[in-house]
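**Q** data16.csv is reproduced in full below (CSV, C-alpha atoms).
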```csv
chain,number,residue,atom,x,y,z
A,1142,MET,CA,134.9,159.3,124.1
A,1143,GLN,CA,137.8,161.2,122.7
A,1144,VAL,CA,136.3,164.3,124.3
A,1145,TYR,CA,136.4,162.7,127.7
A,1146,THR,CA,139.9,161.4,127.3
A,1147,SER,CA,141.3,164.7,126.3
A,1148,ASN,CA,139.5,166.7,129.0
A,1149,SER,CA,139.2,164.2,131.8
A,1150,GLU,CA,140.4,166.6,134.5
A,1151,ASP,CA,138.1,169.4,133.4
A,1152,MET,CA,134.9,167.2,133.0
A,1153,THR,CA,132.4,167.7,135.7
A,1154,GLY,CA,130.4,164.9,137.3
A,1155,ALA,CA,127.3,166.1,135.5
A,1156,ALA,CA,129.1,165.9,132.2
A,1157,GLN,CA,130.4,162.4,133.0
A,1158,ARG,CA,126.8,161.3,133.9
A,1159,SER,CA,125.5,162.7,130.6
A,1160,LEU,CA,128.2,161.1,128.6
A,1161,CYS,CA,127.6,157.8,130.3
A,1162,ASP,CA,123.9,158.0,129.7
A,1163,CYS,CA,124.6,158.5,125.9
A,1164,VAL,CA,127.0,155.6,125.7
A,1165,ILE,CA,124.7,153.3,127.6
A,1166,GLN,CA,121.8,154.2,125.3
A,1167,LEU,CA,124.0,153.4,122.3
A,1168,LEU,CA,125.1,150.1,123.8
A,1169,GLN,CA,121.5,149.2,124.5
A,1170,THR,CA,120.8,149.3,120.8
A,1171,GLN,CA,123.5,146.8,120.0
A,1172,LYS,CA,122.5,143.2,119.1
A,1173,LEU,CA,123.4,140.7,121.8
A,1174,LYS,CA,126.0,138.8,119.7
A,1175,GLU,CA,129.6,138.2,120.7
A,1176,SER,CA,130.8,139.4,117.3
A,1177,VAL,CA,129.1,142.8,117.9
A,1178,TRP,CA,130.3,143.2,121.5
A,1179,SER,CA,133.8,142.1,120.8
A,1180,SER,CA,134.2,144.6,117.9
A,1181,LYS,CA,136.6,147.4,118.8
A,1182,CYS,CA,134.0,150.2,118.9
A,1183,VAL,CA,131.5,148.5,121.1
A,1184,SER,CA,134.2,146.9,123.3
A,1185,ASP,CA,135.9,150.3,123.8
A,1186,ALA,CA,132.6,151.9,124.7
A,1187,PHE,CA,131.9,149.2,127.3
A,1188,HIS,CA,135.4,149.5,128.8
A,1189,PHE,CA,135.0,153.2,128.9
A,1190,LEU,CA,132.0,152.7,131.2
A,1191,LEU,CA,133.9,150.2,133.3
A,1192,ARG,CA,136.6,152.8,133.8
A,1193,LEU,CA,134.1,155.4,134.8
A,1194,CYS,CA,132.9,153.1,137.6
A,1195,ILE,CA,136.0,154.1,139.5
A,1196,THR,CA,135.8,157.9,139.0
A,1197,PRO,CA,136.5,159.8,142.2
A,1198,LYS,CA,133.4,161.9,141.6
A,1199,GLY,CA,130.9,160.2,144.0
A,1200,LYS,CA,127.6,161.2,142.4
A,1201,ALA,CA,128.8,160.4,138.9
A,1202,ARG,CA,130.3,157.1,140.0
A,1203,HIS,CA,127.1,156.0,141.7
A,1204,PHE,CA,125.0,157.0,138.7
A,1205,ILE,CA,127.3,155.2,136.3
A,1206,GLN,CA,127.5,152.1,138.4
A,1207,GLU,CA,123.7,151.9,138.7
A,1208,ASP,CA,123.1,152.5,134.9
A,1209,LEU,CA,125.8,149.9,134.0
A,1210,THR,CA,124.2,147.4,136.4
A,1211,LYS,CA,120.9,147.9,134.6
A,1212,LEU,CA,122.6,147.2,131.3
A,1213,ILE,CA,124.2,144.0,132.6
A,1214,GLU,CA,120.9,143.0,134.2
A,1215,SER,CA,119.2,143.2,130.8
A,1216,HIS,CA,122.0,141.0,129.3
A,1217,HIS,CA,121.6,138.5,132.2
A,1218,THR,CA,117.9,138.3,131.4
A,1219,SER,CA,118.7,137.6,127.8
A,1220,HIS,CA,121.4,135.0,128.8
A,1221,PHE,CA,124.2,137.0,127.2
A,1222,ALA,CA,127.4,136.3,129.2
A,1223,PHE,CA,129.9,138.4,127.2
A,1224,THR,CA,129.6,141.5,129.4
A,1225,SER,CA,129.9,139.4,132.6
A,1226,ARG,CA,133.2,138.0,131.3
A,1227,GLU,CA,134.4,141.6,130.5
A,1228,VAL,CA,133.5,142.8,134.0
A,1229,VAL,CA,135.6,140.0,135.6
A,1230,ALA,CA,138.5,140.6,133.1
A,1231,PHE,CA,138.5,144.3,133.9
A,1232,PHE,CA,138.6,143.6,137.6
A,1233,SER,CA,141.5,141.1,137.0
A,1234,GLN,CA,143.4,143.8,135.1
A,1235,LEU,CA,142.7,146.3,137.9
A,1236,ASN,CA,143.9,143.8,140.5
A,1237,ASP,CA,147.1,143.0,138.5
A,1238,HIS,CA,147.8,146.8,138.2
A,1239,TYR,CA,147.3,147.2,142.0
A,1240,LYS,CA,149.5,144.2,142.8
A,1241,THR,CA,152.4,145.5,140.7
A,1242,THR,CA,152.2,149.2,141.6
A,1243,HIS,CA,150.6,149.1,145.0
A,1244,SER,CA,148.6,152.2,143.9
A,1245,GLY,CA,145.0,152.5,143.1
A,1246,ASP,CA,143.5,151.0,146.3
A,1247,THR,CA,140.6,153.5,146.1
A,1248,ASP,CA,139.9,152.3,142.6
A,1249,MET,CA,139.8,148.7,143.9
A,1250,PHE,CA,137.4,149.7,146.6
A,1251,TYR,CA,135.1,151.5,144.1
A,1252,PHE,CA,135.1,148.6,141.7
A,1253,ILE,CA,134.4,146.0,144.5
A,1254,GLY,CA,131.4,148.2,145.3
A,1255,PHE,CA,130.3,147.9,141.7
A,1256,ILE,CA,130.8,144.1,141.8
A,1257,ASN,CA,128.5,144.1,144.8
A,1258,LEU,CA,125.8,145.8,142.8
A,1259,VAL,CA,126.2,143.7,139.6
A,1260,PHE,CA,126.9,140.3,141.2
A,1261,PRO,CA,123.3,139.0,141.1
A,1262,PHE,CA,123.3,139.7,137.3
A,1263,LEU,CA,126.7,138.2,136.4
A,1264,ASP,CA,126.5,135.0,134.4
A,1265,GLY,CA,127.1,131.9,136.5
A,1266,SER,CA,130.0,130.9,134.3
A,1267,VAL,CA,132.1,133.7,135.7
A,1268,LYS,CA,131.3,133.5,139.4
A,1269,GLU,CA,133.9,130.9,140.4
A,1270,SER,CA,136.7,133.0,138.7
A,1271,LEU,CA,135.3,136.1,140.4
A,1272,PHE,CA,135.4,134.5,143.8
A,1273,LEU,CA,139.0,133.3,143.3
A,1274,LEU,CA,139.9,136.8,142.2
A,1275,LEU,CA,138.3,138.4,145.2
A,1276,LEU,CA,140.3,136.0,147.4
A,1277,GLU,CA,143.5,137.3,145.8
A,1278,VAL,CA,142.7,141.0,146.5
A,1279,ARG,CA,144.9,142.3,149.3
A,1280,LEU,CA,143.8,145.8,150.3
A,1281,PRO,CA,144.9,147.8,153.4
A,1282,ILE,CA,142.2,148.0,156.0
A,1283,VAL,CA,142.3,151.2,158.1
A,1284,PHE,CA,140.6,151.3,161.4
A,1285,ASP,CA,139.7,154.6,162.9
A,1286,VAL,CA,140.1,154.0,166.6
A,1287,ASP,CA,139.4,156.9,169.0
A,1288,PRO,CA,141.3,156.8,172.3
```
Using the file provided, produce a representation of the structure as structure tokens.
**A**
Amino acid sequence: MQVYTSNSEDMTGAAQRSLCDCVIQLLQTQKLKESVWSSKCVSDAFHFLLRLCITPKGKARHFIQEDLTKLIESHHTSHFAFTSREVVAFFSQLNDHYKTTHSGDTDMFYFIGFINLVFPFLDGSVKESLFLLLLEVRLPIVFDVDP
């Protein structure tokens, strides 16, 4: 992950997809225990993937969002709610950043697209807070009207 951080502008979409695939494979081997997923290393890896869900590189973003959705779906099947809470917390942080800086609206749109994919697999305990958060989001809507 240090490689990505230090070379983020130079990394191609294909390299991002490959790195994401490796990180997801590593995360899939982790035990579904809160103590494991809240550890710094595992938590950082999961948040790294959440950040990649808003990459401007379209093919990479879609690939990453689909793979991360599969991971969260497997956690849903195993009744592991930790990752659902982390998704909502990340979205909350993204929204707070947007509200204070009024920049990053594209990131918000990308992450809402991810929420759309992952929503069926989020734990029920986070859905109310997610709905309330979605109601808070204030993004500009641009209409392309031809005369």
**Q** Please build the interface table for segment 1197-1276 of chain A against segment 1173-1187 of chain A with a cut-off of 8 Å, listing for each qualifying residue the nearest atom pair and the distance in Å to one decimal; count all atoms listed in the file, order rows by chain and increasing number, and write it as a tab-separated table.
**A**
```
residue	atom	partner	partner_atom	distance
A:His1216	CA	A:Leu1173	CA	7.6
A:Phe1221	CA	A:Leu1173	CA	6.6
A:Phe1223	CA	A:Glu1175	CA	6.5
```
**Q** Fewer than 5 positions away in the same chain doesn't count, so skip those; otherwise give me all residues within 9 Å of segment 1244-1250 of chain A, counting only C-alpha atoms, as a VMD selection string.
**A** chain A and resid 1194 to 1197 1232 1235 to 1236 1238 to 1239 1255 1278 1280 to 1281
**Q** To one decimal place in Å, what is the distance between atom CA of Lys1172 of chain A and atom CA of Ala1156 of chain A?
**A**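 Value for the atom CA of Lys1172 of chain A-atom CA of Ala1156 of chain A distance: 27.0 Å.
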**Q** Provide the atom CA of Val1164 of chain A to atom CA of Asp1237 of chain A distance in Å, to one decimal place.
**A**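 Computing it gives 27.0 Å between the two atoms.
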**Q** Interatomic distance between atom CA of Ser1225 of chain A and atom CA of Asp1264 of chain A?
**A**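 Interatomic distance, atom CA of Ser1225 of chain A to atom CA of Asp1264 of chain A: 5.8 Å.
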**Q** May I ask which of the residues A:Leu1190, A:Ala1201, A:Ala1230, A:Ala1155 is the closest one to Leu1168 of chain A, counting all atoms listed in the file?
**A** A:Leu1190
**Q** Show me the residues close to (122.8, 138.6, 142.1) - anything with an atom within 12 Å, counting only C-alpha atoms - and format the list as a list in words.
**A** Thr1210, Ile1213, Glu1214, His1217, Thr1218, Ser1225, Phe1255, Ile1256, Asn1257, Leu1258, Val1259, Phe1260, Pro1261, Phe1262, Leu1263, Asp1264, Gly1265 and Lys1268 of chain A
**Q** Ranking A:Met1152, A:Ile1205, A:Leu1212, A:Leu1275 by minimum distance to Gln1166 of chain A and counting only C-alpha atoms, which one comes first?
**A** A:Leu1212
**Q** Pick out the closest residue to Phe1231 of chain A from this set: A:Ser1219, A:Val1267, A:Phe1204, A:Arg1192. Count only C-alpha atoms.
**A** A:Arg1192
**Q** Please list as an mmCIF file with C-alpha atoms, in the coordinates of the input every residue within 12 Å of Leu1276 of chain A, counting all atoms listed in the file and excluding residues in the same chain fewer than 4 positions away.
**A**
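Written output follows (selection-v4.cif):
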```cif
data_model
loop_
_atom_site.group_PDB
_atom_site.id
_atom_site.type_symbol
_atom_site.label_atom_id
_atom_site.label_comp_id
_atom_site.auth_asym_id
_atom_site.auth_seq_id
_atom_site.Cartn_x
_atom_site.Cartn_y
_atom_site.Cartn_z
ATOM 1 C CA SER A 1233 141.500 141.100 137.000
ATOM 2 C CA ASN A 1236 143.900 143.800 140.500
ATOM 3 C CA ILE A 1253 134.400 146.000 144.500
ATOM 4 C CA GLU A 1269 133.900 130.900 140.400
ATOM 5 C CA SER A 1270 136.700 133.000 138.700
ATOM 6 C CA LEU A 1271 135.300 136.100 140.400
ATOM 7 C CA PHE A 1272 135.400 134.500 143.800
ATOM 8 C CA LEU A 1280 143.800 145.800 150.300
#
```
**Q** Pick the closest to Ser1215 of chain A from A:His1243, A:Lys1200, A:Ile1165, A:Phe1189: which is it, counting all atoms listed in the file?
**A**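 Answer, going by the shortest atom-to-atom distance: A:Ile1165.
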**Q** For segment 1200-1225 of chain A, supply N, CA and C atoms and report the output as a short mmCIF file (atom, residue, chain, number, x, y, z; two decimals), keeping the file's coordinate frame.
**A**
```cif
data_model
loop_
_atom_site.label_atom_id
_atom_site.label_comp_id
_atom_site.auth_asym_id
_atom_site.auth_seq_id
_atom_site.Cartn_x
_atom_site.Cartn_y
_atom_site.Cartn_z
N LYS A 1200 128.92 161.23 143.04
CA LYS A 1200 127.60 161.20 142.40
C LYS A 1200 127.65 160.56 141.04
N ALA A 1201 128.65 160.97 140.27
CA ALA A 1201 128.80 160.40 138.90
C ALA A 1201 129.07 158.93 138.98
N ARG A 1202 129.96 158.51 139.89
CA ARG A 1202 130.30 157.10 140.00
C ARG A 1202 129.06 156.25 140.35
N HIS A 1203 128.27 156.71 141.31
CA HIS A 1203 127.10 156.00 141.70
C HIS A 1203 126.07 155.88 140.55
N PHE A 1204 125.87 156.98 139.85
CA PHE A 1204 125.00 157.00 138.70
C PHE A 1204 125.44 156.03 137.63
N ILE A 1205 126.73 156.07 137.32
CA ILE A 1205 127.30 155.20 136.30
C ILE A 1205 127.21 153.76 136.67
N GLN A 1206 127.54 153.46 137.92
CA GLN A 1206 127.50 152.10 138.40
C GLN A 1206 126.03 151.55 138.32
N GLU A 1207 125.07 152.37 138.70
CA GLU A 1207 123.70 151.90 138.70
C GLU A 1207 123.20 151.71 137.22
N ASP A 1208 123.54 152.62 136.32
CA ASP A 1208 123.10 152.50 134.90
C ASP A 1208 123.81 151.27 134.27
N LEU A 1209 125.07 151.06 134.56
CA LEU A 1209 125.80 149.90 134.00
C LEU A 1209 125.23 148.62 134.56
N THR A 1210 124.82 148.63 135.82
CA THR A 1210 124.20 147.40 136.40
C THR A 1210 122.90 147.11 135.68
N LYS A 1211 122.11 148.11 135.34
CA LYS A 1211 120.90 147.90 134.60
C LYS A 1211 121.15 147.26 133.23
N LEU A 1212 122.21 147.74 132.57
CA LEU A 1212 122.60 147.20 131.30
C LEU A 1212 122.97 145.70 131.42
N ILE A 1213 123.78 145.41 132.42
CA ILE A 1213 124.20 144.00 132.60
C ILE A 1213 123.04 143.15 133.06
N GLU A 1214 122.11 143.72 133.82
CA GLU A 1214 120.90 143.00 134.20
C GLU A 1214 120.10 142.59 132.96
N SER A 1215 119.99 143.50 132.02
CA SER A 1215 119.20 143.20 130.80
C SER A 1215 119.96 142.09 129.99
N HIS A 1216 121.28 142.10 130.03
CA HIS A 1216 122.00 141.00 129.30
C HIS A 1216 121.87 139.71 130.06
N HIS A 1217 121.81 139.75 131.38
CA HIS A 1217 121.60 138.50 132.20
C HIS A 1217 120.22 137.92 131.82
N THR A 1218 119.22 138.78 131.73
CA THR A 1218 117.90 138.30 131.40
C THR A 1218 117.84 137.67 130.02
N SER A 1219 118.67 138.15 129.11
CA SER A 1219 118.70 137.60 127.80
C SER A 1219 119.78 136.49 127.63
N HIS A 1220 120.38 136.07 128.74
CA HIS A 1220 121.40 135.00 128.80
C HIS A 1220 122.59 135.33 127.88
N PHE A 1221 123.05 136.59 127.99
CA PHE A 1221 124.20 137.00 127.20
C PHE A 1221 125.37 137.23 128.21
N ALA A 1222 126.34 136.33 128.16
CA ALA A 1222 127.40 136.30 129.20
C ALA A 1222 128.62 137.14 128.84
N PHE A 1223 128.71 137.68 127.66
CA PHE A 1223 129.90 138.40 127.20
C PHE A 1223 130.27 139.54 128.19
N THR A 1224 129.30 140.35 128.55
CA THR A 1224 129.60 141.50 129.40
C THR A 1224 130.00 141.05 130.82
N SER A 1225 129.47 139.93 131.29
CA SER A 1225 129.90 139.40 132.60
C SER A 1225 131.38 139.03 132.54
#
```
